[in-house]
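These notes are about the structure you will find just below.
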Amino acid sequence: MTHYFLIPVYNEAANIELLHQNLTNVLEGEQKFYVFVDDCSSDDSIKILREKFAGTDFHIIEKEQNLGPGDSFNKGFNWISENSGNQNNIIITIEADNTSDLSILPKMIAISKLDYELVLASVYSQGGGFEKTNLFRKLISFAANMAFRLFFNINVQTLSSFYRVYHLSLIRKIKQHNAYIIREKGFICMLEILIKAIKENASIIEVPTVSKSGSRAGKSKMKIFKTTLSYLDFLIFRRG
């Protein structure tokens, strides 16, 4: 079994060294393959990725236009789906800025092997939470999650987190039944693919996590106003 790490990258030069350390230290002895999707970084992200991950199995998708994380995930999922031969492989999506707590990843994978097709790392599950995140951002996140849970009748608590473990077979089912694995370009993309997974009757479970904002070098790439507008647009038109 290969563990594919799908990681969108945008101006993460300051975070890559720690990212490499964290990824090296997790799932030791397991077969790992890293897929990085660079969203037209203007810093040395690609150069540093090649230097740090030399000697490992990795692939970098270099986009020609900055289109956001949704487009990056769509391209990455498609690449893995087309290049992975084993239907039983899994895909781990994380952020490149080290806010995903990889200490819980072995537990997430163990649960995934119990026939859960999608395992969500949840800051809202009991035991989860935020580290060094301002109150306004917490309130926006909580309100958005609550609104979409009610509107779409989704029985999970965290809808937009990047940190997840997918069965490759689930991604292939979504690809088979939709024009795009992910159509949305922005951060709403994680809700879109969650809704598509639910439509496939996927078995889904949440694992508590703490979002480690204190481990990030630099600011979050998410623009609150722009992201809020995209959430409203998605809510009005019920995309997915």
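How things are named: the first chain in the structure tokens is A, the next is B, and so on; residues count from 1 in each chain; ligands count from 1 in the order shown.
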
For this session: Could you give me, as a ChimeraX atom specification, the residues within 6 Å of region 188-193 of chain A, counting only C-alpha atoms and dropping anything in the same chain fewer than 3 positions from it?
Result: /A:70,159-160,184,196,240

Can you spit out the residues from that selection as a compact mmCIF listing (two decimals), in the first residue's frame, using C-alpha atoms?
# COMPACT_ATOMS: atom_id res chain seq x y z
CA GLY A 70 -9.45 23.87 -5.02
CA LEU A 159 -16.50 20.70 6.80
CA SER A 160 -13.58 22.71 5.46
CA GLU A 184 -14.55 25.17 -6.77
CA LYS A 196 -19.73 14.47 -3.28
CA GLY A 240 -21.46 20.18 -5.65

For this session: Step one, run DSSP on the backbone; step two, keep only residues of region 8-84 of chain A assigned to alpha helix (DSSP H); then write them as a PyMOL selection string.
Result: chain A and resi 16-25+45-52+69-83

Problem set entry | Selection: 7 Å around Gly76 (chain A), only C-alpha atoms, excl. self and same-chain fewer than 4 positions, as a list in words | Leu6, Val35, Val37, Ser72 and Ile80 of chain A

For this session: Quick one: everything within 12 Å of Ala54 (chain A), counting only C-alpha atoms, minus sequence neighbours fewer than 6 positions away in the same chain. Send it as a PyMOL selection string.
Result: chain A and resi 20+34+46-48+60

Would you write out those residues with N, CA and C atoms, as a PDB file, in the first residue's frame?
ATOM      1  N   HIS A  20       9.305  19.019   5.707  1.00  0.00           N
ATOM      2  CA  HIS A  20      10.110  17.841   5.363  1.00  0.00           C
ATOM      3  C   HIS A  20      10.431  17.016   6.605  1.00  0.00           C
ATOM      4  N   TYR A  34       4.961  11.702  -2.241  1.00  0.00           N
ATOM      5  CA  TYR A  34       4.527  13.078  -2.023  1.00  0.00           C
ATOM      6  C   TYR A  34       4.158  13.726  -3.357  1.00  0.00           C
ATOM      7  N   ILE A  46       9.465  25.826  -4.992  1.00  0.00           N
ATOM      8  CA  ILE A  46       9.760  24.667  -5.839  1.00  0.00           C
ATOM      9  C   ILE A  46      11.215  24.242  -5.690  1.00  0.00           C
ATOM     10  N   LYS A  47      12.112  25.201  -5.690  1.00  0.00           N
ATOM     11  CA  LYS A  47      13.538  24.895  -5.545  1.00  0.00           C
ATOM     12  C   LYS A  47      13.810  24.182  -4.225  1.00  0.00           C
ATOM     13  N   ILE A  48      13.229  24.674  -3.144  1.00  0.00           N
ATOM     14  CA  ILE A  48      13.466  24.079  -1.824  1.00  0.00           C
ATOM     15  C   ILE A  48      12.819  22.706  -1.728  1.00  0.00           C
ATOM     16  N   ILE A  60       6.089  17.037  -8.483  1.00  0.00           N
ATOM     17  CA  ILE A  60       5.623  18.418  -8.350  1.00  0.00           C
ATOM     18  C   ILE A  60       4.823  18.788  -9.586  1.00  0.00           C
TER      19      ILE A  60
END

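With CA of Asn89 (chain A) on one side and CA of Asn22 (chain A) on the other, the separation reads 21.0 Å.
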
Exercise. When you draw a straight line from CA of Ser169 (chain A) to CA of Asn78 (chain A), how long is it in Å?
Worked result: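 According to the coordinates, CA of Ser169 (chain A) and CA of Asn78 (chain A) are separated by 12.3 Å.
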
For this session: List the neighbours of Lys113 (chain A) out to 10 Å using only C-alpha atoms; skip same-chain residues closer than 5 positions along the sequence, and give me the result as number ranges by chain.
Result: A: 88, 90, 107-108, 167

Exercise. Residues at most 12 Å from Asp101 (chain A), counting only C-alpha atoms, excluding those fewer than 4 positions away in the same chain, as JSON, numbers by chain?
Worked result: {"A": [19, 22, 23, 26, 93, 94, 95, 96, 97, 105, 106, 107, 108, 121, 122, 123, 128, 129, 130, 131, 162, 163, 164, 207, 208, 209, 210, 211, 212, 213, 214, 215, 216]}

For this session: Work out how far apart CA of Ile181 (chain A) and CA of Asn74 (chain A) are and give it in Å to one decimal.
Result: 5.9 Å

For this session: Find the residues around Gly29 (chain A) up to 12 Å (only C-alpha atoms counted), leave out those fewer than 5 positions away in its own chain, and share them as a ChimeraX atom specification.
Result: /A:1-3,24

Exercise. From the list A:Ile111, A:Ile171, A:Ile198, A:Ala13, which residue is nearest Arg50 (chain A) when using only C-alpha atoms?
Worked result: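 Selected residue with least distance to Arg50 (chain A): A:Ala13.
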